[in-house]
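Structure file my_file.json with JSON, C-alpha atoms:
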```json
[["chain", "number", "residue", "atom", "x", "y", "z"],
["T", 1, "MET", "CA", -5.59, -33.37, 7.66],
["T", 2, "ASN", "CA", -5.88, -29.68, 8.47],
["T", 3, "VAL", "CA", -7.74, -27.28, 6.20],
["T", 4, "VAL", "CA", -5.75, -24.05, 6.46],
["T", 5, "VAL", "CA", -6.46, -20.46, 5.36],
["T", 6, "PRO", "CA", -3.90, -19.73, 2.60],
["T", 7, "GLU", "CA", -1.21, -17.06, 2.84],
["T", 8, "LEU", "CA", -2.57, -13.91, 1.24],
["T", 9, "GLY", "CA", 0.14, -11.32, 1.83],
["T", 10, "GLU", "CA", -0.19, -8.44, 4.26],
["T", 11, "VAL", "CA", -3.92, -8.57, 4.88],
["T", 12, "GLY", "CA", -5.61, -7.10, 7.92],
["T", 13, "GLU", "CA", -8.68, -8.58, 9.56],
["T", 14, "VAL", "CA", -9.90, -11.79, 7.93],
["T", 15, "LYS", "CA", -13.38, -13.19, 8.39],
["T", 16, "LEU", "CA", -14.85, -16.51, 7.40],
["T", 17, "VAL", "CA", -17.86, -15.59, 5.27],
["T", 18, "ARG", "CA", -19.30, -18.94, 4.34],
["T", 19, "TRP", "CA", -18.88, -22.66, 4.20],
["T", 20, "LEU", "CA", -19.57, -24.27, 0.84],
["T", 21, "VAL", "CA", -19.64, -27.82, 2.18],
["T", 22, "ALA", "CA", -21.06, -29.36, 5.35],
["T", 23, "PRO", "CA", -19.42, -31.79, 7.77],
["T", 24, "GLY", "CA", -19.79, -35.37, 6.56],
["T", 25, "GLN", "CA", -19.65, -34.31, 2.93],
["T", 26, "GLU", "CA", -17.15, -35.91, 0.56],
["T", 27, "VAL", "CA", -14.81, -33.54, -1.27],
["T", 28, "GLU", "CA", -12.24, -33.77, -4.03],
["T", 29, "ALA", "CA", -8.72, -32.36, -3.85],
["T", 30, "GLY", "CA", -8.85, -28.69, -4.83],
["T", 31, "GLU", "CA", -12.59, -28.38, -4.28],
["T", 32, "ALA", "CA", -13.74, -25.03, -2.86],
["T", 33, "LEU", "CA", -14.56, -25.55, 0.83],
["T", 34, "ALA", "CA", -15.01, -22.09, 2.25],
["T", 35, "GLU", "CA", -14.69, -18.41, 1.51],
["T", 36, "VAL", "CA", -12.87, -15.90, 3.68],
["T", 37, "GLU", "CA", -12.90, -12.13, 3.21],
["T", 38, "ALA", "CA", -10.39, -9.37, 3.93],
["T", 39, "ASP", "CA", -10.16, -5.87, 2.49],
["T", 40, "LYS", "CA", -13.17, -6.52, 0.23],
["T", 41, "ALA", "CA", -11.35, -9.47, -1.29],
["T", 42, "VAL", "CA", -12.98, -12.87, -1.08],
["T", 43, "PHE", "CA", -10.61, -15.85, -1.13],
["T", 44, "VAL", "CA", -11.45, -19.45, -1.71],
["T", 45, "VAL", "CA", -10.07, -22.06, 0.67],
["T", 46, "GLU", "CA", -9.62, -25.33, -1.20],
["T", 47, "ALA", "CA", -9.49, -28.92, 0.01],
["T", 48, "PRO", "CA", -5.82, -29.93, 0.40],
["T", 49, "ALA", "CA", -6.71, -33.53, -0.54],
["T", 50, "ALA", "CA", -9.68, -35.76, -1.28],
["T", 51, "GLY", "CA", -11.64, -36.89, 1.74],
["T", 52, "VAL", "CA", -14.58, -36.20, 4.01],
["T", 53, "LEU", "CA", -15.00, -32.91, 5.84],
["T", 54, "GLU", "CA", -14.86, -34.08, 9.43],
["T", 55, "ARG", "CA", -15.28, -31.01, 11.56],
["T", 56, "ILE", "CA", -15.59, -27.25, 11.12],
["T", 57, "LEU", "CA", -13.51, -25.27, 13.62],
["T", 58, "VAL", "CA", -14.31, -21.71, 12.53],
["T", 59, "GLY", "CA", -17.92, -20.81, 11.85],
["T", 60, "GLU", "CA", -19.46, -18.33, 9.41],
["T", 61, "GLY", "CA", -18.96, -14.74, 10.50],
["T", 62, "GLU", "CA", -16.05, -15.60, 12.81],
["T", 63, "PRO", "CA", -12.60, -14.03, 12.52],
["T", 64, "THR", "CA", -9.71, -16.10, 11.19],
["T", 65, "SER", "CA", -6.22, -15.50, 9.80],
["T", 66, "PRO", "CA", -3.80, -16.87, 7.20],
["T", 67, "GLY", "CA", -2.28, -20.12, 8.39],
["T", 68, "GLU", "CA", -5.13, -20.93, 10.77],
["T", 69, "THR", "CA", -6.73, -24.37, 10.66],
["T", 70, "ILE", "CA", -10.44, -23.86, 10.01],
["T", 71, "ALA", "CA", -11.55, -27.47, 9.57],
["T", 72, "LEU", "CA", -10.40, -31.07, 9.76],
["T", 73, "LEU", "CA", -10.46, -33.35, 6.74],
["T", 74, "LYS", "CA", -10.45, -37.12, 6.94],
["T", 75, "THR", "CA", -8.48, -38.18, 3.89],
["T", 76, "SER", "CA", -9.55, -41.21, 1.92],
["A", 77, "MET", "CA", 8.22, -3.36, -19.58],
["A", 78, "THR", "CA", 5.78, -6.12, -18.69],
["A", 79, "ARG", "CA", 2.99, -6.34, -21.19],
["A", 80, "LEU", "CA", -0.55, -6.88, -20.05],
["A", 81, "ARG", "CA", -3.42, -7.81, -22.34],
["A", 82, "CYS", "CA", -6.54, -5.68, -22.16],
["A", 83, "ALA", "CA", -9.89, -5.87, -23.90],
["A", 84, "ASP", "CA", -12.44, -3.13, -24.39],
["A", 85, "LEU", "CA", -15.83, -4.80, -24.17],
["A", 86, "GLY", "CA", -17.95, -1.66, -24.49],
["A", 87, "ARG", "CA", -21.34, -1.67, -22.75],
["A", 88, "VAL", "CA", -22.41, -5.15, -21.69],
["A", 89, "ARG", "CA", -25.12, -6.72, -19.59],
["A", 90, "TYR", "CA", -23.93, -8.03, -16.26],
["A", 91, "GLY", "CA", -24.78, -11.69, -16.85],
["A", 92, "PRO", "CA", -22.70, -12.28, -19.99],
["A", 93, "ALA", "CA", -19.79, -10.29, -18.52],
["A", 94, "LEU", "CA", -19.90, -12.38, -15.35],
["A", 95, "ASP", "CA", -19.97, -15.56, -17.39],
["A", 96, "LEU", "CA", -16.96, -14.38, -19.41],
["A", 97, "GLN", "CA", -15.08, -13.46, -16.22],
["A", 98, "ARG", "CA", -15.79, -16.80, -14.60],
["A", 99, "ARG", "CA", -14.55, -18.72, -17.64],
["A", 100, "LEU", "CA", -11.40, -16.60, -17.96],
["A", 101, "HIS", "CA", -10.81, -16.92, -14.21],
["A", 102, "ALA", "CA", -11.00, -20.71, -14.40],
["A", 103, "LEU", "CA", -8.76, -20.82, -17.48],
["A", 104, "ARG", "CA", -6.21, -18.50, -15.91],
["A", 105, "GLN", "CA", -5.92, -20.86, -12.92],
["A", 106, "GLN", "CA", -5.17, -23.69, -15.33],
["A", 107, "GLY", "CA", -2.56, -21.54, -17.09],
["A", 108, "GLU", "CA", -4.58, -21.75, -20.32],
["A", 109, "VAL", "CA", -4.81, -17.99, -20.87],
["A", 110, "GLU", "CA", -2.69, -14.93, -20.07],
["A", 111, "ASP", "CA", -3.41, -12.18, -17.58],
["A", 112, "ILE", "CA", -5.96, -9.75, -18.97],
["A", 113, "VAL", "CA", -7.82, -6.64, -17.86],
["A", 114, "LEU", "CA", -11.40, -6.26, -19.11],
["A", 115, "PHE", "CA", -12.57, -2.64, -19.56],
["A", 116, "LEU", "CA", -16.34, -2.19, -19.76],
["A", 117, "GLU", "CA", -19.51, -0.39, -18.80],
["A", 118, "HIS", "CA", -22.55, -2.25, -17.52],
["A", 119, "GLU", "CA", -26.21, -1.90, -18.26],
["A", 120, "PRO", "CA", -27.98, -0.95, -14.99],
["A", 121, "VAL", "CA", -27.50, -3.69, -12.43],
["A", 122, "ILE", "CA", -27.31, -4.15, -8.68],
["A", 123, "THR", "CA", -24.87, -6.73, -7.38],
["A", 124, "ILE", "CA", -24.75, -8.17, -3.88],
["A", 125, "GLY", "CA", -21.29, -9.16, -2.58],
["A", 126, "ARG", "CA", -20.57, -11.90, -0.10],
["A", 127, "ARG", "CA", -21.12, -9.65, 2.88],
["A", 128, "GLY", "CA", -24.20, -8.29, 1.22],
["A", 129, "ASP", "CA", -27.67, -7.76, 2.57],
["A", 130, "ALA", "CA", -30.55, -7.71, 0.08],
["A", 131, "GLY", "CA", -32.20, -5.29, 2.54],
["A", 132, "HIS", "CA", -29.75, -2.68, 1.25],
["A", 133, "ILE", "CA", -31.67, -2.63, -2.03],
["A", 134, "LEU", "CA", -34.30, 0.05, -1.57],
["A", 135, "LEU", "CA", -36.58, -0.87, -4.49],
["A", 136, "THR", "CA", -39.10, -3.70, -4.60],
["A", 137, "PRO", "CA", -38.63, -6.45, -7.21],
["A", 138, "ASP", "CA", -41.48, -4.86, -9.22],
["A", 139, "GLU", "CA", -39.83, -1.44, -9.17],
["A", 140, "LEU", "CA", -36.52, -2.99, -10.20],
["A", 141, "ALA", "CA", -38.16, -4.77, -13.10],
["A", 142, "ARG", "CA", -39.90, -1.58, -14.24],
["A", 143, "ALA", "CA", -36.60, 0.31, -14.10],
["A", 144, "GLY", "CA", -34.95, -2.49, -16.12],
["A", 145, "VAL", "CA", -32.43, -3.23, -13.36],
["A", 146, "GLU", "CA", -31.11, -6.75, -12.90],
["A", 147, "VAL", "CA", -29.89, -8.09, -9.53],
["A", 148, "PHE", "CA", -27.02, -10.56, -9.13],
["A", 149, "PRO", "CA", -25.52, -12.14, -6.01],
["A", 150, "VAL", "CA", -21.80, -12.50, -6.75],
["A", 151, "GLU", "CA", -18.63, -13.97, -5.27],
["A", 152, "ARG", "CA", -16.76, -10.70, -4.71],
["A", 153, "GLY", "CA", -16.09, -9.08, -1.36],
["A", 154, "GLY", "CA", -18.25, -6.26, -0.08],
["A", 155, "ASP", "CA", -21.94, -5.45, 0.11],
["A", 156, "VAL", "CA", -24.45, -3.99, -2.36],
["A", 157, "THR", "CA", -23.24, -2.02, -5.39],
["A", 158, "TYR", "CA", -24.91, -0.37, -8.36],
["A", 159, "HIS", "CA", -23.33, -0.46, -11.82],
["A", 160, "GLY", "CA", -24.55, 1.33, -14.90],
["A", 161, "PRO", "CA", -23.67, 3.43, -17.92],
["A", 162, "GLY", "CA", -21.26, 6.26, -17.19],
["A", 163, "GLN", "CA", -19.22, 4.14, -14.82],
["A", 164, "ILE", "CA", -15.81, 2.69, -15.63],
["A", 165, "VAL", "CA", -15.59, -0.98, -14.70],
["A", 166, "LEU", "CA", -12.30, -2.88, -14.73],
["A", 167, "TYR", "CA", -12.10, -6.63, -14.23],
["A", 168, "PRO", "CA", -8.45, -7.71, -14.07],
["A", 169, "ILE", "CA", -8.04, -11.48, -14.35],
["A", 170, "LEU", "CA", -4.50, -11.67, -12.96],
["A", 171, "ASP", "CA", -2.38, -14.37, -11.41],
["A", 172, "LEU", "CA", -1.08, -12.37, -8.44],
["A", 173, "ARG", "CA", 1.95, -14.63, -8.19],
["A", 174, "GLY", "CA", 3.25, -12.52, -11.07],
["A", 175, "TRP", "CA", 2.20, -9.23, -9.44],
["A", 176, "GLY", "CA", 3.71, -9.24, -5.95],
["A", 177, "ARG", "CA", 1.76, -12.13, -4.39],
["A", 178, "ASP", "CA", -0.04, -9.81, -2.01],
["A", 179, "VAL", "CA", -3.79, -9.37, -2.04],
["A", 180, "HIS", "CA", -3.73, -6.30, 0.20],
["A", 181, "ARG", "CA", -1.28, -4.58, -2.12],
["A", 182, "TYR", "CA", -3.47, -5.50, -5.08],
["A", 183, "VAL", "CA", -6.57, -3.91, -3.51],
["A", 184, "HIS", "CA", -4.40, -0.88, -2.72],
["A", 185, "ASP", "CA", -3.30, -0.78, -6.38],
["A", 186, "LEU", "CA", -6.90, -0.84, -7.62],
["A", 187, "GLU", "CA", -7.66, 2.08, -5.32],
["A", 188, "GLU", "CA", -4.56, 3.85, -6.63],
["A", 189, "VAL", "CA", -5.82, 3.43, -10.21],
["A", 190, "MET", "CA", -9.04, 5.22, -9.24],
["A", 191, "ILE", "CA", -7.20, 7.98, -7.33],
["A", 192, "ARG", "CA", -5.15, 8.62, -10.49],
["A", 193, "ILE", "CA", -8.18, 8.67, -12.78],
["A", 194, "ALA", "CA", -9.71, 11.31, -10.50],
["A", 195, "ARG", "CA", -6.45, 13.26, -10.42],
["A", 196, "ALA", "CA", -6.35, 13.34, -14.24],
["A", 197, "PHE", "CA", -9.49, 15.49, -13.95],
["A", 198, "GLY", "CA", -8.11, 17.65, -11.14],
["A", 199, "ILE", "CA", -10.04, 15.85, -8.38],
["A", 200, "GLU", "CA", -8.27, 14.65, -5.24],
["A", 201, "ALA", "CA", -9.72, 11.36, -3.95],
["A", 202, "GLU", "CA", -8.49, 9.35, -0.98],
["A", 203, "ARG", "CA", -8.65, 6.04, 0.82],
["A", 204, "ARG", "CA", -10.52, 5.70, 4.11],
["A", 205, "PRO", "CA", -9.10, 3.14, 6.51],
["A", 206, "GLY", "CA", -11.63, 0.38, 7.07],
["A", 207, "PHE", "CA", -13.72, 1.45, 4.06],
["A", 208, "PRO", "CA", -12.19, 0.08, 0.84],
["A", 209, "GLY", "CA", -12.75, 2.12, -2.29],
["A", 210, "VAL", "CA", -11.94, 5.75, -2.97],
["A", 211, "TRP", "CA", -13.65, 8.70, -1.44],
["A", 212, "HIS", "CA", -14.05, 12.42, -1.82],
["A", 213, "GLU", "CA", -15.34, 14.58, 1.02],
["A", 214, "ARG", "CA", -18.67, 14.69, -0.82],
["A", 215, "GLY", "CA", -19.02, 10.91, -1.13],
["A", 216, "LYS", "CA", -17.77, 7.65, -2.53],
["A", 217, "LEU", "CA", -16.26, 7.94, -5.98],
["A", 218, "GLY", "CA", -15.22, 4.37, -6.65],
["A", 219, "ALA", "CA", -15.67, 0.87, -5.30],
["A", 220, "VAL", "CA", -13.46, -2.18, -5.17],
["A", 221, "GLY", "CA", -14.45, -5.81, -4.65],
["A", 222, "ILE", "CA", -12.48, -8.84, -5.71],
["A", 223, "HIS", "CA", -12.47, -12.62, -5.64],
["A", 224, "VAL", "CA", -9.28, -14.68, -5.46],
["A", 225, "ARG", "CA", -8.75, -18.37, -6.02],
["A", 226, "ASN", "CA", -5.31, -19.93, -6.38],
["A", 227, "TRP", "CA", -3.96, -16.35, -6.48],
["A", 228, "VAL", "CA", -6.04, -15.58, -9.58],
["A", 229, "THR", "CA", -8.30, -12.54, -9.30],
["A", 230, "MET", "CA", -11.68, -11.64, -10.74],
["A", 231, "HIS", "CA", -14.14, -8.77, -10.26],
["A", 232, "GLY", "CA", -12.29, -5.49, -9.64],
["A", 233, "LEU", "CA", -13.21, -1.84, -9.53],
["A", 234, "ALA", "CA", -16.01, 0.52, -10.53],
["A", 235, "PHE", "CA", -15.44, 4.25, -10.82],
["A", 236, "ASN", "CA", -18.22, 6.83, -11.19],
["A", 237, "VAL", "CA", -17.48, 9.07, -14.14],
["A", 238, "ASP", "CA", -20.88, 10.36, -15.20],
["A", 239, "PRO", "CA", -23.56, 7.84, -14.28],
["A", 240, "ARG", "CA", -27.26, 8.63, -14.14],
["A", 241, "PRO", "CA", -27.80, 9.68, -10.54],
["A", 242, "ASP", "CA", -30.87, 7.61, -9.74],
["A", 243, "GLY", "CA", -28.99, 4.29, -9.67],
["A", 244, "PHE", "CA", -27.37, 5.08, -6.35],
["A", 245, "ARG", "CA", -30.68, 6.02, -4.78],
["A", 246, "TRP", "CA", -31.80, 2.44, -5.27],
["A", 247, "ILE", "CA", -29.29, 1.07, -2.74],
["A", 248, "VAL", "CA", -27.54, 1.77, 0.56],
["A", 249, "PRO", "CA", -24.02, 2.02, -0.93],
["A", 250, "CYS", "CA", -21.71, -0.61, 0.58],
["A", 251, "GLY", "CA", -24.34, -1.17, 3.24],
["A", 252, "ILE", "CA", -23.26, 2.00, 5.04],
["A", 253, "PRO", "CA", -26.39, 4.04, 5.86],
["A", 254, "GLY", "CA", -25.86, 7.67, 4.95],
["A", 255, "ALA", "CA", -22.96, 6.89, 2.61],
["A", 256, "ARG", "CA", -23.39, 8.82, -0.61],
["A", 257, "ALA", "CA", -22.11, 7.97, -4.02],
["A", 258, "VAL", "CA", -20.61, 10.84, -5.98],
["A", 259, "SER", "CA", -19.29, 11.04, -9.54],
["A", 260, "LEU", "CA", -16.59, 12.97, -11.35],
["A", 261, "ALA", "CA", -19.33, 14.86, -13.19],
["A", 262, "ASP", "CA", -20.95, 15.83, -9.85],
["A", 263, "LEU", "CA", -17.63, 17.09, -8.53],
["A", 264, "LEU", "CA", -16.70, 18.98, -11.70],
["A", 265, "GLY", "CA", -20.19, 20.36, -12.19],
["A", 266, "GLU", "CA", -20.21, 19.39, -15.87],
["A", 267, "PRO", "CA", -20.56, 16.30, -18.05],
["A", 268, "VAL", "CA", -17.41, 14.20, -18.50],
["A", 269, "PRO", "CA", -16.81, 12.50, -21.86],
["A", 270, "MET", "CA", -16.33, 8.77, -21.25],
["A", 271, "GLU", "CA", -13.56, 8.55, -23.83],
["A", 272, "GLU", "CA", -11.40, 10.94, -21.77],
["A", 273, "ALA", "CA", -12.07, 8.88, -18.68],
["A", 274, "TRP", "CA", -11.16, 5.63, -20.47],
["A", 275, "GLU", "CA", -7.91, 7.18, -21.60],
["A", 276, "ALA", "CA", -7.14, 8.24, -18.02],
["A", 277, "ALA", "CA", -8.01, 4.73, -16.81],
["A", 278, "ARG", "CA", -5.69, 3.04, -19.31],
["A", 279, "GLN", "CA", -2.87, 5.39, -18.33],
["A", 280, "ALA", "CA", -3.51, 4.81, -14.62],
["A", 281, "VAL", "CA", -3.43, 1.03, -15.00],
["A", 282, "GLU", "CA", -0.15, 1.21, -16.92],
["A", 283, "ASP", "CA", 1.45, 3.51, -14.34],
["A", 284, "VAL", "CA", 0.22, 1.70, -11.23],
["A", 285, "LEU", "CA", 0.96, -1.84, -12.42],
["A", 286, "GLY", "CA", 4.07, -0.80, -14.33],
["A", 287, "ALA", "CA", 2.86, -2.60, -17.42],
["A", 288, "GLY", "CA", 2.22, -1.74, -21.04],
["A", 289, "LEU", "CA", -1.35, -2.49, -22.10],
["A", 290, "GLU", "CA", -1.75, -4.49, -25.27],
["A", 291, "PRO", "CA", -5.28, -4.49, -26.70],
["A", 292, "VAL", "CA", -6.95, -7.75, -27.65],
["A", 293, "GLY", "CA", -10.17, -7.79, -29.66],
["A", 294, "ARG", "CA", -13.42, -8.69, -27.97],
["A", 295, "GLU", "CA", -13.90, -11.64, -30.34],
["A", 296, "GLU", "CA", -10.48, -13.00, -29.47],
["A", 297, "VAL", "CA", -11.21, -12.86, -25.74],
["A", 298, "GLU", "CA", -14.51, -14.64, -26.27],
["A", 299, "ALA", "CA", -12.71, -17.26, -28.32],
["A", 300, "TRP", "CA", -10.23, -17.81, -25.45],
["A", 301, "ALA", "CA", -13.11, -18.20, -23.04],
["A", 302, "SER", "CA", -15.21, -20.48, -25.19],
["A", 303, "ALA", "CA", -12.29, -22.93, -25.36],
["A", 304, "SER", "CA", -13.15, -23.80, -21.74],
["A", 305, "ARG", "CA", -16.55, -25.08, -22.75],
["A", 306, "THR", "CA", -15.01, -27.93, -24.66],
["A", 307, "GLY", "CA", -12.59, -28.76, -21.83]]
```

Before anything else, please render the file you have as C-alpha cells.
Amino acid sequence: MNVVVPELGEVGEVKLVRWLVAPGQEVEAGEALAEVEADKAVFVVEAPAAGVLERILVGEGEPTSPGETIALLKTS
Amino acid sequence: MTRLRCADLGRVRYGPALDLQRRLHALRQQGEVEDIVLFLEHEPVITIGRRGDAGHILLTPDELARAGVEVFPVERGGDVTYHGPGQIVLYPILDLRGWGRDVHRYVHDLEEVMIRIARAFGIEAERRPGFPGVWHERGKLGAVGIHVRNWVTMHGLAFNVDPRPDGFRWIVPCGIPGARAVSLADLLGEPVPMEEAWEAARQAVEDVLGAGLEPVGREEVEAWASASRTG
C-alpha cells in the first residue's frame, strides 16, 4: 500500500523533514509516519492502514508534494 | 456569524502551555472539543522548530540557565524562535476543514492577523515571499509556525509588542543570519500597553477569520483538556 502526502490546499514547496518510523517497523493505522513542511507548517503523514513499513522512497530533507507516494507499506 | 471560542491564559510557562495545546489538539482530532484560540504570553523561552538548528542559539546552556530561559524542541515548522513577556502569542486549535481546508491560506490568515495588529497602531507591516511571518523594513515583527494533523492545527503566531530586547540577541531569528527582530514599541519609539495590543489582536482575529470570539475561562479549557487524561 502506498503512503501518500495528504492534500494540503495551495501549498508551495514541500519538504520531507523527518521520518518517525524506520523500514521494517510495525505500525498501526493512523500512526504518525513522517512529517513534511511547507510555508512553516509541519504536517503529519499517517499510516493508511496497519502493517510494516517496507520501503522509504523520499528521504529526509528531500522535496515532495501532495499526492506523492513517499513510502510503501506492507499491510497485515 | 460563526462563533469561535477563545481563552485568555495570561502569562504561562512554555511547558504547561505546550502540554495543554497537545491535549486540545488530540481532542480536537477526535471531535471531543470545539475549535479554540488560546491567547497568552510566555515566560522567556527559546523554541526550536522542525527545521531548527540548535547552533542558532547564541548562549551556552549555563548562560541560558542563569538568564532563566528554557529551551524546547517542538513540532512546529520553522527554525529557532524566542518568546517572552511583551509578545502576543496565539495558538489556534482549529479543524481547518471548517475554515477553508487550505493550509497555505491559513498561514496567510495568521500573517494577516499580525499585519492588522500592527496597522491598529499605525505601523505598516508586510509579508516577504519565501520568509513566512510579518516584516517591517527595520526587521521581523511577527513569526508564524504551525503543526497540522488530520487538518487540525496547533502552534500559531507570535507578535512582538513590547518585549525585553535582549531575548532576540540570544538567537539567530529564524536561522537567518543578520535578520533582526523588531517590536511595535521599537517602531513607535514608546512603550505599548499590552491591553491595547490584546484588544487589537482580538479584533484582528474576528475580522480575518470572520468569526465572533466567545471567551471561555481558563479553568474550563483545562477541564476540557484534562478529560483526555482519563481517555

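Near chain A, within 7 Å and counting only C-alpha atoms, the residues of chain T are T:Leu8, T:Gly9, T:Glu10, T:Val11, T:Glu37, T:Asp39, T:Lys40, T:Ala41, T:Val42, T:Phe43, T:Val44.
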
Exercise for the section: Counting only C-alpha atoms, figure out which residue out of T:Pro63, T:Leu57, T:Gln25, T:Glu35 gets nearest to T:Glu13. Expected result: T:Pro63

Fill in the blank from the handout: Residue with the minimum atom-to-atom distance to A:Glu266, picked from A:Val237, A:Arg245, A:Pro137, A:Val109 with all atoms listed in the file counted, is A:Val237

Exercise for the section: Name the residues in contact with T:Lys74 at a cut-off of 10 Å, using all atoms listed in the file, excluding same-chain residues fewer than 2 positions from it; report them as a ChimeraX atom specification. Expected result: /T:1-2,24,26-27,49-55,72,76

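The two atoms in question, atom CA of A:Glu108 and atom CA of A:Trp175, are spaced 17.9 Å apart.
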
Exercise for the section: Excluding stretch 185-199 of chain A and any residue of its chain fewer than 6 positions from it, enumerate the residues within 6 Å of it, using only C-alpha atoms, and give them as number ranges by chain. Expected result: A: 209, 276-277, 280-281

Fill in the blank from the handout: If you count all atoms listed in the file, the residue of T:Thr75, T:Pro48, T:Glu31, T:Trp19 closest to T:Pro6 turns out to be T:Pro48

Problem - atom CA of A:Glu146 to atom CA of A:Glu298, straight-line distance in Å - result: 22.7 Å

With only C-alpha atoms as the counted atoms, please give the residues lying no more than 8 Å from stretch 111-119 of chain A, apart from itself and same-chain residues fewer than 4 positions off, as an mmCIF file with C-alpha atoms, keeping the file's coordinate frame.
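The resulting file, part13.cif, is shown below:
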```cif
data_model
loop_
_atom_site.group_PDB
_atom_site.id
_atom_site.type_symbol
_atom_site.label_atom_id
_atom_site.label_comp_id
_atom_site.auth_asym_id
_atom_site.auth_seq_id
_atom_site.Cartn_x
_atom_site.Cartn_y
_atom_site.Cartn_z
ATOM 1 C CA LEU A 80 -0.550 -6.880 -20.050
ATOM 2 C CA ARG A 81 -3.420 -7.810 -22.340
ATOM 3 C CA CYS A 82 -6.540 -5.680 -22.160
ATOM 4 C CA ALA A 83 -9.890 -5.870 -23.900
ATOM 5 C CA ASP A 84 -12.440 -3.130 -24.390
ATOM 6 C CA LEU A 85 -15.830 -4.800 -24.170
ATOM 7 C CA GLY A 86 -17.950 -1.660 -24.490
ATOM 8 C CA ARG A 87 -21.340 -1.670 -22.750
ATOM 9 C CA VAL A 88 -22.410 -5.150 -21.690
ATOM 10 C CA ARG A 89 -25.120 -6.720 -19.590
ATOM 11 C CA TYR A 90 -23.930 -8.030 -16.260
ATOM 12 C CA ARG A 104 -6.210 -18.500 -15.910
ATOM 13 C CA HIS A 159 -23.330 -0.460 -11.820
ATOM 14 C CA GLY A 160 -24.550 1.330 -14.900
ATOM 15 C CA PRO A 161 -23.670 3.430 -17.920
ATOM 16 C CA GLY A 162 -21.260 6.260 -17.190
ATOM 17 C CA GLN A 163 -19.220 4.140 -14.820
ATOM 18 C CA ILE A 164 -15.810 2.690 -15.630
ATOM 19 C CA VAL A 165 -15.590 -0.980 -14.700
ATOM 20 C CA LEU A 166 -12.300 -2.880 -14.730
ATOM 21 C CA TYR A 167 -12.100 -6.630 -14.230
ATOM 22 C CA PRO A 168 -8.450 -7.710 -14.070
ATOM 23 C CA ILE A 169 -8.040 -11.480 -14.350
ATOM 24 C CA LEU A 170 -4.500 -11.670 -12.960
ATOM 25 C CA ASP A 171 -2.380 -14.370 -11.410
#
```

Fill in the blank from the handout: Taken to one decimal, the atom CA of A:Val248-atom CA of A:Asp129 distance is 9.7 Å

Handout entry: Selection near A:Val268, 10 Å with only C-alpha atoms, sequence-local residues under 5 positions removed, as a PyMOL selection string
Key = chain A and resi 162+197+237-239+259-262+273

Practice task
Can you work out which one of T:Leu73, T:Glu7, T:Glu62, T:Lys15 has the shortest atom-to-atom distance to T:Leu33, counting all atoms listed in the file?
Solution key: T:Leu73

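Proximity ranking of A:Asp242, A:Pro249, A:Val297, A:Leu134 relative to A:Lys216 places A:Pro249 first, based on only C-alpha atoms.
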
Practice task
Do a neighbour search on stretch 68-70 of chain T at 8 Å with only C-alpha atoms, toss out local chain neighbours closer than 3 positions, and write the hits as a ChimeraX atom specification.
Solution key: /T:2-5,56-58,64-65

Since the input lacks some atoms of stretch 54-66 of chain T, please model N, CA and C atoms and print them as a short mmCIF file (atom, residue, chain, number, x, y, z; two decimals), in the frame of the given file.
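See out.cif below for the written result:
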```cif
data_model
loop_
_atom_site.label_atom_id
_atom_site.label_comp_id
_atom_site.auth_asym_id
_atom_site.auth_seq_id
_atom_site.Cartn_x
_atom_site.Cartn_y
_atom_site.Cartn_z
N GLU T 54 -14.56 -33.44 8.15
CA GLU T 54 -14.86 -34.08 9.43
C GLU T 54 -15.49 -33.09 10.41
N ARG T 55 -14.83 -31.96 10.54
CA ARG T 55 -15.28 -31.01 11.56
C ARG T 55 -14.92 -29.59 11.16
N ILE T 56 -15.85 -28.67 11.38
CA ILE T 56 -15.59 -27.25 11.12
C ILE T 56 -15.17 -26.60 12.43
N LEU T 57 -14.04 -25.87 12.40
CA LEU T 57 -13.51 -25.27 13.62
C LEU T 57 -13.79 -23.77 13.70
N VAL T 58 -14.01 -23.16 12.55
CA VAL T 58 -14.31 -21.71 12.53
C VAL T 58 -15.63 -21.53 11.78
N GLY T 59 -16.59 -20.94 12.44
CA GLY T 59 -17.92 -20.81 11.85
C GLY T 59 -18.05 -19.56 10.98
N GLU T 60 -19.17 -19.49 10.26
CA GLU T 60 -19.46 -18.33 9.41
C GLU T 60 -19.56 -17.07 10.26
N GLY T 61 -18.92 -16.01 9.78
CA GLY T 61 -18.96 -14.74 10.50
C GLY T 61 -17.86 -14.59 11.53
N GLU T 62 -17.11 -15.68 11.79
CA GLU T 62 -16.05 -15.60 12.81
C GLU T 62 -14.74 -15.13 12.20
N PRO T 63 -13.90 -14.46 13.02
CA PRO T 63 -12.60 -14.03 12.52
C PRO T 63 -11.65 -15.22 12.33
N THR T 64 -10.74 -15.09 11.39
CA THR T 64 -9.71 -16.10 11.19
C THR T 64 -8.46 -15.39 10.67
N SER T 65 -7.43 -16.15 10.31
CA SER T 65 -6.22 -15.50 9.80
C SER T 65 -5.45 -16.50 8.94
N PRO T 66 -4.58 -15.97 8.05
CA PRO T 66 -3.80 -16.87 7.20
C PRO T 66 -3.01 -17.86 8.05
#
```
